[in-house]
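Peer 1: Next up is a structure, given as structure tokens.
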Amino acid sequence: MLKKLKGNSFLAGSAVYLISNILNAAIPFALLPVLTRYLSPEEYGEVAMFHVFFGALTAFIGLSMQGAAGRKFYDGDLGENELKEFIGSCLQILLVTSALTMLVLIGISGYLSEWLALDKKWILLAVLVTASTVVFQIRLSQWQVRKKAKQYGVMQVSKSLAELVLSLALVVLFLKGSEGRISAQIWTAILFAGIAFWFLRRDDLVRILLWRPKYIREALSFGVPLIPHVGGAFLLASVDRFVINAELGLAQAGIYMVAVQLSTALLLIFDAINKAYVPWLFERLKKDDECEKRRIVIYTYCWFALLLLGAVVAFLIAPWIVLAVAGEPYASAGDVIGWLILGQVFGGMYLMVTNYIFFSKRTGLLSVVSIFSGLINVALLIFLVARFGLQGAAYAFCTSMAIRFLLTWFVAQKRHAMPWFEFTKLFPQAGI
């Protein structure tokens with residue numbers, strides 16, 4: 001069994017990514033019961049708003065540079081310096097977008113501070129956290145495309161472990177409250193961006209002091225059309241906390257964030273599987289073999305069925321988990337977690353179909369789908385939160401994630417056709 005696992009790059013990669021993601025998820029989950037007992041719901045809400053804000057900046061600062069660098073790896077026979085110069089161009093773009101974003105935020109930080117209930121310094125430091133995260137992700141993506149899952153996992157887990165230790169020190173030992181938790185995120189992001197850049201230099205994967213306009217144009221042509229896609233993802237996954245904070249207050253945003261964090265355990269599992277799946281899938285799509293395509297579709301349908309069954313189970317047991325992990329002050333998070341988990345399941349199904357769009361390199365319609373789904377989520381949030389409170393936010397998230405999955409599936413079939421509905425060929429023994 002172990003020999004079979006080692007011989008199968010997809011299974012071996014999935015196992016390593018899954019283990020590292022479980023460890024990576026276990027660290028903040030281990031921190032969650034501590035934070036919910038040392039931070040009030042209002043303080044936890046402040047932490048949530050900072051996390052959401054720097055996530056929102058990703059669309060404009062990051063420009064999906066890690067995705068562009070990862071996709072470049074598959075562009076045929078690259079010359080000795082092409083990839084490293086391309087990655088250097090990505091980092092040059094990152095420097096410019098970070099500086100421009102900082103200038104804009106300096107001008108409107110007062111307004112944002114009042115709206116987000118965050119100190120001005122956190123708003124400006126969020127730019128640094130976002131840029132640092134992109135550098136970190138570029139290093140991880142280059143390990144991923146080379147199927148070096150162990151290095152990926154060690155780096156990922158080390159960052160989470162460092163954040164855990166620093167958070168415990170600042171929140172528990174020095175009683176810094178929400179400031180301690182936010183500071184831990186900032187310093188960890190900066191430290192590991194430095195480590196990631198050192199690894200890129202050590203492995204001779206970056207040349208930053210060169211001007212290559214063609215690579216800058218290529219990276220921008222990949223990333224700029226994805227701004228609406230990343231923005232739409234933000235509207236789907238994070239804007240609910242803005243609406244809850246505005247409509248119900250910072251404490252309710254903190255309670256909702258606890259449910260969100262618990263539900264993202266599934267997202268981490270899906271992400272682990274997808275990281276191993278992408279290189280495996282792209283290699284087979286390049287062969288353009290019909291039998292191979294049918295096999296991929298059958299496996300995908302089986303995965304969809306398993307996910308939906310798991311969502312049913314989650315409605316039954318997840319509220320008890322919330323109470324056990326977070327404690328009585330956050331018990332109302334149990335009322336929404338089932339719907340959040342179902343939404344994450346639709347997100348896992350989305351990952352299985354969106355890869356075909358990235359393989360085609362024609363990502364424009366994906367952005368349309370993402371921004372449309374995000375806007376649907378915003379409209380539903382405004383309507384449902386006013387009527388159902390936190391439950392309304394969960395209903396909106398679940399509905400919007402289902403819409404995004406179905407629309408993305410449609411676009412994926414247009415961009416790279418697969419035999420999704422050729423049931424007589426997929427299941428001939430069933431007589432369909």
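Following the order of the structure tokens, first chain is A, next is B, and so on, with residues numbered from 1 inside each chain and ligands from 1 in the order they appear.
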For range 258-263 of chain A, please output as a list of chain:residue names all residues within 8 Å (counting only C-alpha atoms; exclusion window: fewer than 6 positions along the same chain).
Peer 2: A:Phe29, A:Leu32, A:Val322, A:Ala326, A:Tyr330, A:Ala333, A:Gly334, A:Val336, A:Ile337, A:Leu340, A:Ile341, A:Gln344
Peer 1: List the neighbours of Ser20 in chain A out to 9 Å using only C-alpha atoms; skip same-chain residues closer than 6 positions along the sequence, and give me the result as a PyMOL selection string.
Peer 2: chain A and resi 149-150+152-154+156-157+272
Peer 1: Let me make sure I understand: among A:Leu116, A:Val52, A:Ala196, A:Cys291, which one has the smallest atom-to-atom distance to Ser158 in chain A if we use only C-alpha atoms?
Peer 2: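 Going through A:Leu116, A:Val52, A:Ala196, A:Cys291 one by one, the smallest distance to Ser158 in chain A is for A:Ala196.
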Peer 1: Restricting the calculation to only C-alpha atoms: of A:Met102, A:Met257, A:Leu164, A:Val312, which residue gets closest to Phe50 in chain A?
Peer 2: A:Met257
Peer 1: A:Lys286, A:Arg181, A:His229, A:His416: which is nearest Glu46 in chain A, counting only C-alpha atoms?
Peer 2: A:Arg181
Peer 1: So, with only C-alpha atoms as the atoms that count, which of A:Ala30, A:Val16, A:Leu57, A:Val369 lies closest to Gly232 in chain A?
Peer 2: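 Distance minimum relative to Gly232 in chain A lands on A:Val369.
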Peer 1: Can you list, as a VMD selection string, every protein, DNA or RNA residue that comes within 10 Å of Phe234 in chain A when you count only C-alpha atoms, leaving out same-chain residues fewer than 3 positions away?
Peer 2: chain A and resid 52 to 53 55 to 59 228 to 231 237 to 240 370 to 371 374
Peer 1: Using only C-alpha atoms, which of the listed residues (A:Phe421, A:Phe397, A:Tyr17, A:Trp115) sits closest to Met155 in chain A?
Peer 2: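 Closest to Met155 in chain A, using only C-alpha atoms: A:Tyr17.
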Peer 1: Excluding Leu95 in chain A and any residue of its chain fewer than 2 positions from it, enumerate the residues within 12 Å of it, using only C-alpha atoms, and give them as a list in words.
Peer 2: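 Residues meeting the cut-off are Phe60, Ile61, Gly62, Leu63, Met65, Gly88, Ser89, Cys90, Leu91, Gln92, Ile93, Thr97, Ser98, Ala99, Leu100, Thr101, Met102, Val127, Leu128, Thr130, Ala131, Ser132, Val134, Val135 and Ile208 of chain A.
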Peer 1: Keeping only C-alpha atoms, take the residues you just selected and write them out as a tab-separated table (two decimals), in the first residue's frame.
Peer 2:
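The file below, part-v6.tsv, is the result:
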chain	number	residue	atom	x	y	z
A	60	PHE	CA	-5.47	45.08	-6.10
A	61	ILE	CA	-2.04	44.40	-4.60
A	62	GLY	CA	-1.48	40.73	-5.42
A	63	LEU	CA	-3.00	40.68	-8.93
A	65	MET	CA	0.95	36.97	-9.32
A	88	GLY	CA	11.21	38.99	-10.85
A	89	SER	CA	8.75	40.92	-13.01
A	90	CYS	CA	5.90	39.70	-10.78
A	91	LEU	CA	7.70	41.07	-7.72
A	92	GLN	CA	8.29	44.40	-9.48
A	93	ILE	CA	4.56	44.65	-10.14
A	97	THR	CA	0.80	48.04	-6.57
A	98	SER	CA	1.73	48.07	-2.87
A	99	ALA	CA	3.09	51.61	-3.07
A	100	LEU	CA	0.06	52.90	-4.98
A	101	THR	CA	-2.37	51.23	-2.58
A	102	MET	CA	-0.52	52.69	0.42
A	127	VAL	CA	-0.85	46.65	2.87
A	128	LEU	CA	2.40	45.23	4.19
A	130	THR	CA	-0.94	41.56	1.90
A	131	ALA	CA	2.29	42.13	-0.04
A	132	SER	CA	4.18	39.79	2.29
A	134	VAL	CA	1.89	37.31	-1.97
A	135	VAL	CA	5.68	36.78	-1.78
A	208	ILE	CA	14.45	41.14	-9.73
Peer 1: Would you mind telling me which residue in A:Gly389, A:Pro225, A:Pro33, A:Gly79 lies nearest to Ala253 in chain A when using only C-alpha atoms?
Peer 2: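 Of A:Gly389, A:Pro225, A:Pro33, A:Gly79, the one nearest Ala253 in chain A, counting only C-alpha atoms, is A:Gly389.
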Peer 1: Within range 52-284 of chain A, find each residue whose DSSP state, derived from the backbone, is alpha helix (DSSP H), and express the selection as a ChimeraX atom specification.
Peer 2: /A:52-61,65-72,82-116,120-145,149-168,177-202,213-223,227-237,239-248,250-284
Peer 1: Hey, could you make a per-residue contact list for range 228-329 of chain A against range 355-362 of chain A with 10 Å as the cut-off, showing the nearest pair of atoms and its distance in Å to one decimal, counting only C-alpha atoms, sorted by chain and number, as CSV?
Peer 2:
residue,atom,partner,partner_atom,distance
A:Asn274,CA,A:Asn355,CA,9.0
A:Tyr277,CA,A:Asn355,CA,9.3
A:Val278,CA,A:Asn355,CA,7.0
A:Leu281,CA,A:Asn355,CA,8.3
A:Phe282,CA,A:Phe359,CA,6.8
A:Leu285,CA,A:Phe359,CA,8.3
A:Lys286,CA,A:Phe359,CA,9.2
Peer 1: Write out, as a PDB file, in the first residue's frame, the residues just selected, with C-alpha atoms.
Peer 2:
ATOM      1  CA  ASN A 274      -6.617  20.719  -5.211  1.00  0.00           C
ATOM      2  CA  TYR A 277      -4.811  17.703  -8.241  1.00  0.00           C
ATOM      3  CA  VAL A 278      -3.811  20.674 -10.421  1.00  0.00           C
ATOM      4  CA  LEU A 281      -4.934  17.288 -14.036  1.00  0.00           C
ATOM      5  CA  PHE A 282      -2.903  19.640 -16.244  1.00  0.00           C
ATOM      6  CA  LEU A 285      -5.335  17.611 -20.125  1.00  0.00           C
ATOM      7  CA  LYS A 286      -2.235  18.254 -22.236  1.00  0.00           C
TER       8      LYS A 286
END
Peer 1: Name the residues in contact with range 119-125 of chain A at a cut-off of 9 Å, using only C-alpha atoms, excluding same-chain residues fewer than 6 positions from it; report them as JSON, numbers by chain.
Peer 2: {"A": [50, 53, 54, 102, 105, 106, 109, 110, 112, 113, 182, 183, 186]}
Peer 1: Grab the residues selected above and save them as a compact mmCIF listing (two decimals), in the first residue's frame with C-alpha atoms.
Peer 2:
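Written out: part_14.txt:
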# COMPACT_ATOMS: atom_id res chain seq x y z
CA PHE A 50 -8.54 43.35 10.08
CA PHE A 53 -9.63 44.07 5.15
CA PHE A 54 -6.20 42.77 4.18
CA MET A 102 -0.52 52.69 0.42
CA LEU A 105 -5.13 54.42 1.93
CA ILE A 106 -3.18 57.23 3.56
CA SER A 109 -7.59 56.02 6.33
CA GLY A 110 -9.72 58.24 8.57
CA LEU A 112 -11.96 53.57 6.71
CA SER A 113 -11.00 53.61 10.39
CA ILE A 182 -3.26 41.47 14.96
CA SER A 183 0.40 42.25 15.70
CA ILE A 186 1.68 41.26 10.90
Peer 1: Show me, as a PDB file with all heavy atoms, in the first residue's frame, the residues that have an atom within 12 Å of Pro28 in chain A when counting only C-alpha atoms, minus same-chain residues fewer than 4 positions from it.
Peer 2:
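The result, written out as around.pdb:
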ATOM      1  N   ASN A  21      -1.949  20.588   5.551  1.00  0.00           N
ATOM      2  CA  ASN A  21      -3.101  21.460   5.745  1.00  0.00           C
ATOM      3  C   ASN A  21      -3.830  21.169   7.046  1.00  0.00           C
ATOM      4  O   ASN A  21      -4.350  22.067   7.697  1.00  0.00           O
ATOM      5  CB  ASN A  21      -4.068  21.337   4.564  1.00  0.00           C
ATOM      6  CG  ASN A  21      -3.771  22.335   3.466  1.00  0.00           C
ATOM      7  OD1 ASN A  21      -2.646  22.812   3.371  1.00  0.00           O
ATOM      8  ND2 ASN A  21      -4.750  22.647   2.644  1.00  0.00           N
ATOM      9  N   ILE A  22      -3.886  19.878   7.431  1.00  0.00           N
ATOM     10  CA  ILE A  22      -4.499  19.530   8.710  1.00  0.00           C
ATOM     11  C   ILE A  22      -3.705  20.150   9.852  1.00  0.00           C
ATOM     12  O   ILE A  22      -4.264  20.754  10.787  1.00  0.00           O
ATOM     13  CB  ILE A  22      -4.601  18.007   8.872  1.00  0.00           C
ATOM     14  CG1 ILE A  22      -5.683  17.446   7.925  1.00  0.00           C
ATOM     15  CG2 ILE A  22      -4.921  17.628  10.316  1.00  0.00           C
ATOM     16  CD1 ILE A  22      -5.747  15.939   7.889  1.00  0.00           C
ATOM     17  N   LEU A  23      -2.372  20.026   9.780  1.00  0.00           N
ATOM     18  CA  LEU A  23      -1.528  20.648  10.803  1.00  0.00           C
ATOM     19  C   LEU A  23      -1.676  22.157  10.770  1.00  0.00           C
ATOM     20  O   LEU A  23      -1.768  22.825  11.801  1.00  0.00           O
ATOM     21  CB  LEU A  23      -0.068  20.251  10.587  1.00  0.00           C
ATOM     22  CG  LEU A  23       0.277  18.784  10.841  1.00  0.00           C
ATOM     23  CD1 LEU A  23       1.716  18.496  10.421  1.00  0.00           C
ATOM     24  CD2 LEU A  23       0.069  18.431  12.306  1.00  0.00           C
ATOM     25  N   ASN A  24      -1.713  22.704   9.561  1.00  0.00           N
ATOM     26  CA  ASN A  24      -1.851  24.141   9.404  1.00  0.00           C
ATOM     27  C   ASN A  24      -3.179  24.633   9.967  1.00  0.00           C
ATOM     28  O   ASN A  24      -3.270  25.712  10.557  1.00  0.00           O
ATOM     29  CB  ASN A  24      -1.748  24.491   7.917  1.00  0.00           C
ATOM     30  CG  ASN A  24      -1.555  25.970   7.677  1.00  0.00           C
ATOM     31  OD1 ASN A  24      -0.667  26.576   8.258  1.00  0.00           O
ATOM     32  ND2 ASN A  24      -2.367  26.549   6.815  1.00  0.00           N
ATOM     33  N   LEU A  32      -8.085  28.960  18.708  1.00  0.00           N
ATOM     34  CA  LEU A  32      -9.448  29.493  18.777  1.00  0.00           C
ATOM     35  C   LEU A  32     -10.057  29.434  20.181  1.00  0.00           C
ATOM     36  O   LEU A  32     -10.592  30.455  20.659  1.00  0.00           O
ATOM     37  CB  LEU A  32     -10.341  28.762  17.767  1.00  0.00           C
ATOM     38  CG  LEU A  32     -11.774  29.264  17.620  1.00  0.00           C
ATOM     39  CD1 LEU A  32     -11.800  30.729  17.178  1.00  0.00           C
ATOM     40  CD2 LEU A  32     -12.540  28.403  16.621  1.00  0.00           C
ATOM     41  N   PRO A  33     -10.003  28.294  20.901  1.00  0.00           N
ATOM     42  CA  PRO A  33     -10.587  28.280  22.251  1.00  0.00           C
ATOM     43  C   PRO A  33      -9.899  29.251  23.206  1.00  0.00           C
ATOM     44  O   PRO A  33     -10.536  29.763  24.137  1.00  0.00           O
ATOM     45  CB  PRO A  33     -10.379  26.826  22.705  1.00  0.00           C
ATOM     46  CG  PRO A  33     -10.164  26.049  21.462  1.00  0.00           C
ATOM     47  CD  PRO A  33      -9.481  26.972  20.524  1.00  0.00           C
ATOM     48  N   VAL A  34      -8.614  29.498  22.979  1.00  0.00           N
ATOM     49  CA  VAL A  34      -7.892  30.450  23.827  1.00  0.00           C
ATOM     50  C   VAL A  34      -8.354  31.873  23.528  1.00  0.00           C
ATOM     51  O   VAL A  34      -8.673  32.644  24.433  1.00  0.00           O
ATOM     52  CB  VAL A  34      -6.369  30.315  23.599  1.00  0.00           C
ATOM     53  CG1 VAL A  34      -5.616  31.342  24.448  1.00  0.00           C
ATOM     54  CG2 VAL A  34      -5.903  28.912  23.932  1.00  0.00           C
ATOM     55  N   LEU A  35      -8.400  32.203  22.241  1.00  0.00           N
ATOM     56  CA  LEU A  35      -8.791  33.562  21.863  1.00  0.00           C
ATOM     57  C   LEU A  35     -10.210  33.887  22.291  1.00  0.00           C
ATOM     58  O   LEU A  35     -10.493  35.000  22.743  1.00  0.00           O
ATOM     59  CB  LEU A  35      -8.651  33.736  20.347  1.00  0.00           C
ATOM     60  CG  LEU A  35      -7.237  33.753  19.777  1.00  0.00           C
ATOM     61  CD1 LEU A  35      -7.269  33.934  18.270  1.00  0.00           C
ATOM     62  CD2 LEU A  35      -6.389  34.847  20.425  1.00  0.00           C
ATOM     63  N   THR A  36     -11.124  32.925  22.151  1.00  0.00           N
ATOM     64  CA  THR A  36     -12.516  33.196  22.507  1.00  0.00           C
ATOM     65  C   THR A  36     -12.695  33.349  24.014  1.00  0.00           C
ATOM     66  O   THR A  36     -13.742  33.840  24.461  1.00  0.00           O
ATOM     67  CB  THR A  36     -13.439  32.073  21.996  1.00  0.00           C
ATOM     68  OG1 THR A  36     -12.943  30.802  22.420  1.00  0.00           O
ATOM     69  CG2 THR A  36     -13.517  32.111  20.480  1.00  0.00           C
ATOM     70  N   VAL A 157       3.326  25.058   7.497  1.00  0.00           N
ATOM     71  CA  VAL A 157       3.093  24.760   8.915  1.00  0.00           C
ATOM     72  C   VAL A 157       3.981  25.620   9.809  1.00  0.00           C
ATOM     73  O   VAL A 157       3.559  26.079  10.878  1.00  0.00           O
ATOM     74  CB  VAL A 157       3.313  23.262   9.186  1.00  0.00           C
ATOM     75  CG1 VAL A 157       3.253  22.966  10.688  1.00  0.00           C
ATOM     76  CG2 VAL A 157       2.265  22.431   8.450  1.00  0.00           C
ATOM     77  N   LYS A 159       4.981  28.637   9.330  1.00  0.00           N
ATOM     78  CA  LYS A 159       4.398  29.987   9.442  1.00  0.00           C
ATOM     79  C   LYS A 159       3.241  29.998  10.439  1.00  0.00           C
ATOM     80  O   LYS A 159       3.146  30.898  11.296  1.00  0.00           O
ATOM     81  CB  LYS A 159       3.921  30.466   8.070  1.00  0.00           C
ATOM     82  CG  LYS A 159       3.315  31.858   8.067  1.00  0.00           C
ATOM     83  CD  LYS A 159       2.981  32.293   6.654  1.00  0.00           C
ATOM     84  CE  LYS A 159       2.423  33.722   6.620  1.00  0.00           C
ATOM     85  NZ  LYS A 159       1.069  33.812   7.163  1.00  0.00           N
ATOM     86  N   SER A 160       2.364  29.017  10.342  1.00  0.00           N
ATOM     87  CA  SER A 160       1.228  28.968  11.269  1.00  0.00           C
ATOM     88  C   SER A 160       1.679  28.750  12.704  1.00  0.00           C
ATOM     89  O   SER A 160       1.120  29.319  13.640  1.00  0.00           O
ATOM     90  CB  SER A 160       0.260  27.849  10.849  1.00  0.00           C
ATOM     91  OG  SER A 160      -0.358  28.164   9.631  1.00  0.00           O
ATOM     92  N   LEU A 161       2.703  27.915  12.871  1.00  0.00           N
ATOM     93  CA  LEU A 161       3.216  27.653  14.220  1.00  0.00           C
ATOM     94  C   LEU A 161       3.838  28.902  14.829  1.00  0.00           C
ATOM     95  O   LEU A 161       3.633  29.206  16.011  1.00  0.00           O
ATOM     96  CB  LEU A 161       4.244  26.517  14.165  1.00  0.00           C
ATOM     97  CG  LEU A 161       4.761  25.991  15.506  1.00  0.00           C
ATOM     98  CD1 LEU A 161       3.602  25.447  16.346  1.00  0.00           C
ATOM     99  CD2 LEU A 161       5.808  24.909  15.282  1.00  0.00           C
ATOM    100  N   ALA A 162       4.579  29.653  14.008  1.00  0.00           N
ATOM    101  CA  ALA A 162       5.169  30.901  14.502  1.00  0.00           C
ATOM    102  C   ALA A 162       4.085  31.898  14.897  1.00  0.00           C
ATOM    103  O   ALA A 162       4.190  32.584  15.926  1.00  0.00           O
ATOM    104  CB  ALA A 162       6.072  31.497  13.423  1.00  0.00           C
ATOM    105  N   GLU A 163       3.020  31.959  14.097  1.00  0.00           N
ATOM    106  CA  GLU A 163       1.915  32.868  14.413  1.00  0.00           C
ATOM    107  C   GLU A 163       1.211  32.447  15.696  1.00  0.00           C
ATOM    108  O   GLU A 163       0.798  33.293  16.499  1.00  0.00           O
ATOM    109  CB  GLU A 163       0.935  32.903  13.245  1.00  0.00           C
ATOM    110  CG  GLU A 163      -0.149  33.954  13.394  1.00  0.00           C
ATOM    111  CD  GLU A 163      -1.034  34.048  12.165  1.00  0.00           C
ATOM    112  OE1 GLU A 163      -0.496  34.113  11.049  1.00  0.00           O
ATOM    113  OE2 GLU A 163      -2.276  34.048  12.337  1.00  0.00           O
ATOM    114  N   LEU A 164       1.082  31.140  15.904  1.00  0.00           N
ATOM    115  CA  LEU A 164       0.470  30.626  17.125  1.00  0.00           C
ATOM    116  C   LEU A 164       1.264  31.034  18.358  1.00  0.00           C
ATOM    117  O   LEU A 164       0.717  31.567  19.332  1.00  0.00           O
ATOM    118  CB  LEU A 164       0.383  29.102  17.042  1.00  0.00           C
ATOM    119  CG  LEU A 164       0.030  28.378  18.346  1.00  0.00           C
ATOM    120  CD1 LEU A 164      -1.421  28.606  18.717  1.00  0.00           C
ATOM    121  CD2 LEU A 164       0.312  26.889  18.235  1.00  0.00           C
ATOM    122  N   VAL A 165       2.572  30.802  18.319  1.00  0.00           N
ATOM    123  CA  VAL A 165       3.427  31.094  19.481  1.00  0.00           C
ATOM    124  C   VAL A 165       3.400  32.589  19.792  1.00  0.00           C
ATOM    125  O   VAL A 165       3.251  32.995  20.955  1.00  0.00           O
ATOM    126  CB  VAL A 165       4.869  30.609  19.216  1.00  0.00           C
ATOM    127  CG1 VAL A 165       5.801  31.086  20.325  1.00  0.00           C
ATOM    128  CG2 VAL A 165       4.908  29.091  19.105  1.00  0.00           C
ATOM    129  N   LEU A 166       3.525  33.404  18.754  1.00  0.00           N
ATOM    130  CA  LEU A 166       3.537  34.850  18.971  1.00  0.00           C
ATOM    131  C   LEU A 166       2.179  35.344  19.463  1.00  0.00           C
ATOM    132  O   LEU A 166       2.103  36.218  20.343  1.00  0.00           O
ATOM    133  CB  LEU A 166       3.929  35.553  17.668  1.00  0.00           C
ATOM    134  CG  LEU A 166       4.233  37.048  17.759  1.00  0.00           C
ATOM    135  CD1 LEU A 166       5.297  37.333  18.812  1.00  0.00           C
ATOM    136  CD2 LEU A 166       4.683  37.578  16.400  1.00  0.00           C
ATOM    137  N   SER A 167       1.090  34.787  18.946  1.00  0.00           N
ATOM    138  CA  SER A 167      -0.248  35.177  19.399  1.00  0.00           C
ATOM    139  C   SER A 167      -0.459  34.833  20.864  1.00  0.00           C
ATOM    140  O   SER A 167      -0.989  35.637  21.645  1.00  0.00           O
ATOM    141  CB  SER A 167      -1.316  34.493  18.544  1.00  0.00           C
ATOM    142  OG  SER A 167      -1.275  34.935  17.216  1.00  0.00           O
ATOM    143  N   LEU A 168      -0.054  33.615  21.243  1.00  0.00           N
ATOM    144  CA  LEU A 168      -0.190  33.209  22.649  1.00  0.00           C
ATOM    145  C   LEU A 168       0.624  34.114  23.565  1.00  0.00           C
ATOM    146  O   LEU A 168       0.158  34.501  24.647  1.00  0.00           O
ATOM    147  CB  LEU A 168       0.256  31.756  22.810  1.00  0.00           C
ATOM    148  CG  LEU A 168      -0.682  30.682  22.244  1.00  0.00           C
ATOM    149  CD1 LEU A 168      -0.060  29.304  22.365  1.00  0.00           C
ATOM    150  CD2 LEU A 168      -2.038  30.712  22.947  1.00  0.00           C
ATOM    151  N   ARG A 181      -3.171  39.941  18.916  1.00  0.00           N
ATOM    152  CA  ARG A 181      -3.467  38.983  17.846  1.00  0.00           C
ATOM    153  C   ARG A 181      -3.155  39.578  16.477  1.00  0.00           C
ATOM    154  O   ARG A 181      -2.564  38.907  15.619  1.00  0.00           O
ATOM    155  CB  ARG A 181      -4.943  38.583  17.926  1.00  0.00           C
ATOM    156  CG  ARG A 181      -5.435  37.691  16.804  1.00  0.00           C
ATOM    157  CD  ARG A 181      -4.661  36.408  16.693  1.00  0.00           C
ATOM    158  NE  ARG A 181      -5.181  35.560  15.631  1.00  0.00           N
ATOM    159  CZ  ARG A 181      -4.443  34.747  14.890  1.00  0.00           C
ATOM    160  NH1 ARG A 181      -3.135  34.686  15.086  1.00  0.00           N
ATOM    161  NH2 ARG A 181      -4.997  34.000  13.954  1.00  0.00           N
ATOM    162  N   GLN A 185      -0.088  38.499  13.564  1.00  0.00           N
ATOM    163  CA  GLN A 185      -0.296  38.259  12.131  1.00  0.00           C
ATOM    164  C   GLN A 185       0.648  39.103  11.285  1.00  0.00           C
ATOM    165  O   GLN A 185       1.211  38.619  10.292  1.00  0.00           O
ATOM    166  CB  GLN A 185      -1.744  38.563  11.757  1.00  0.00           C
ATOM    167  CG  GLN A 185      -2.754  37.575  12.328  1.00  0.00           C
ATOM    168  CD  GLN A 185      -4.179  37.956  11.976  1.00  0.00           C
ATOM    169  OE1 GLN A 185      -4.741  38.896  12.517  1.00  0.00           O
ATOM    170  NE2 GLN A 185      -4.771  37.228  11.047  1.00  0.00           N
ATOM    171  N   VAL A 258     -16.263  33.275  14.277  1.00  0.00           N
ATOM    172  CA  VAL A 258     -15.955  31.974  14.886  1.00  0.00           C
ATOM    173  C   VAL A 258     -16.553  30.848  14.046  1.00  0.00           C
ATOM    174  O   VAL A 258     -15.891  29.840  13.755  1.00  0.00           O
ATOM    175  CB  VAL A 258     -16.473  31.920  16.336  1.00  0.00           C
ATOM    176  CG1 VAL A 258     -16.428  30.492  16.882  1.00  0.00           C
ATOM    177  CG2 VAL A 258     -15.655  32.844  17.228  1.00  0.00           C
ATOM    178  N   GLN A 261     -14.559  30.495  10.820  1.00  0.00           N
ATOM    179  CA  GLN A 261     -13.260  29.838  11.009  1.00  0.00           C
ATOM    180  C   GLN A 261     -13.417  28.328  11.156  1.00  0.00           C
ATOM    181  O   GLN A 261     -12.619  27.558  10.625  1.00  0.00           O
ATOM    182  CB  GLN A 261     -12.545  30.415  12.223  1.00  0.00           C
ATOM    183  CG  GLN A 261     -11.921  31.771  11.952  1.00  0.00           C
ATOM    184  CD  GLN A 261     -10.979  32.186  13.057  1.00  0.00           C
ATOM    185  OE1 GLN A 261     -11.410  32.539  14.154  1.00  0.00           O
ATOM    186  NE2 GLN A 261      -9.693  32.166  12.784  1.00  0.00           N
ATOM    187  N   LEU A 262     -14.432  27.904  11.866  1.00  0.00           N
ATOM    188  CA  LEU A 262     -14.662  26.468  12.016  1.00  0.00           C
ATOM    189  C   LEU A 262     -15.055  25.833  10.683  1.00  0.00           C
ATOM    190  O   LEU A 262     -14.610  24.727  10.355  1.00  0.00           O
ATOM    191  CB  LEU A 262     -15.743  26.219  13.070  1.00  0.00           C
ATOM    192  CG  LEU A 262     -15.320  26.492  14.520  1.00  0.00           C
ATOM    193  CD1 LEU A 262     -16.527  26.428  15.449  1.00  0.00           C
ATOM    194  CD2 LEU A 262     -14.254  25.490  14.977  1.00  0.00           C
ATOM    195  N   THR A 264     -14.155  26.738   7.756  1.00  0.00           N
ATOM    196  CA  THR A 264     -13.051  26.725   6.797  1.00  0.00           C
ATOM    197  C   THR A 264     -12.137  25.522   6.964  1.00  0.00           C
ATOM    198  O   THR A 264     -11.211  25.344   6.166  1.00  0.00           O
ATOM    199  CB  THR A 264     -12.206  28.012   6.898  1.00  0.00           C
ATOM    200  OG1 THR A 264     -11.795  28.200   8.265  1.00  0.00           O
ATOM    201  CG2 THR A 264     -12.973  29.217   6.429  1.00  0.00           C
ATOM    202  N   ALA A 265     -12.387  24.694   7.983  1.00  0.00           N
ATOM    203  CA  ALA A 265     -11.637  23.434   8.072  1.00  0.00           C
ATOM    204  C   ALA A 265     -11.836  22.628   6.783  1.00  0.00           C
ATOM    205  O   ALA A 265     -10.888  22.006   6.274  1.00  0.00           O
ATOM    206  CB  ALA A 265     -12.104  22.637   9.282  1.00  0.00           C
ATOM    207  N   LEU A 268      -9.739  24.016   3.872  1.00  0.00           N
ATOM    208  CA  LEU A 268      -8.337  23.622   3.914  1.00  0.00           C
ATOM    209  C   LEU A 268      -8.133  22.220   3.343  1.00  0.00           C
ATOM    210  O   LEU A 268      -7.140  21.948   2.671  1.00  0.00           O
ATOM    211  CB  LEU A 268      -7.821  23.700   5.354  1.00  0.00           C
ATOM    212  CG  LEU A 268      -7.741  25.124   5.929  1.00  0.00           C
ATOM    213  CD1 LEU A 268      -7.500  25.079   7.429  1.00  0.00           C
ATOM    214  CD2 LEU A 268      -6.649  25.923   5.237  1.00  0.00           C
ATOM    215  N   VAL A 325     -15.870  24.082  21.400  1.00  0.00           N
ATOM    216  CA  VAL A 325     -14.624  24.761  21.059  1.00  0.00           C
ATOM    217  C   VAL A 325     -14.607  26.208  21.548  1.00  0.00           C
ATOM    218  O   VAL A 325     -13.635  26.663  22.154  1.00  0.00           O
ATOM    219  CB  VAL A 325     -14.380  24.711  19.535  1.00  0.00           C
ATOM    220  CG1 VAL A 325     -13.207  25.614  19.143  1.00  0.00           C
ATOM    221  CG2 VAL A 325     -14.125  23.288  19.080  1.00  0.00           C
TER     222      VAL A 325
END
Peer 1: So the first atom is CA of Gly327 in chain A and the second is CA of Val313 in chain A; what is the distance between them in Å, to one decimal place?
Peer 2: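 Atom-to-atom, CA of Gly327 in chain A to CA of Val313 in chain A, that is 21.8 Å.
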Peer 1: Expressed in Å to a single decimal, how great is the separation between CA of Ser332 in chain A and CA of Met49 in chain A?
Peer 2: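 Computed distance, CA of Ser332 in chain A to CA of Met49 in chain A, equals 19.2 Å.
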Peer 1: Work out how far apart CA of Lys84 in chain A and CA of Arg207 in chain A are and give it in Å to one decimal.
Peer 2: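 Interatomic distance, CA of Lys84 in chain A to CA of Arg207 in chain A: 5.5 Å.
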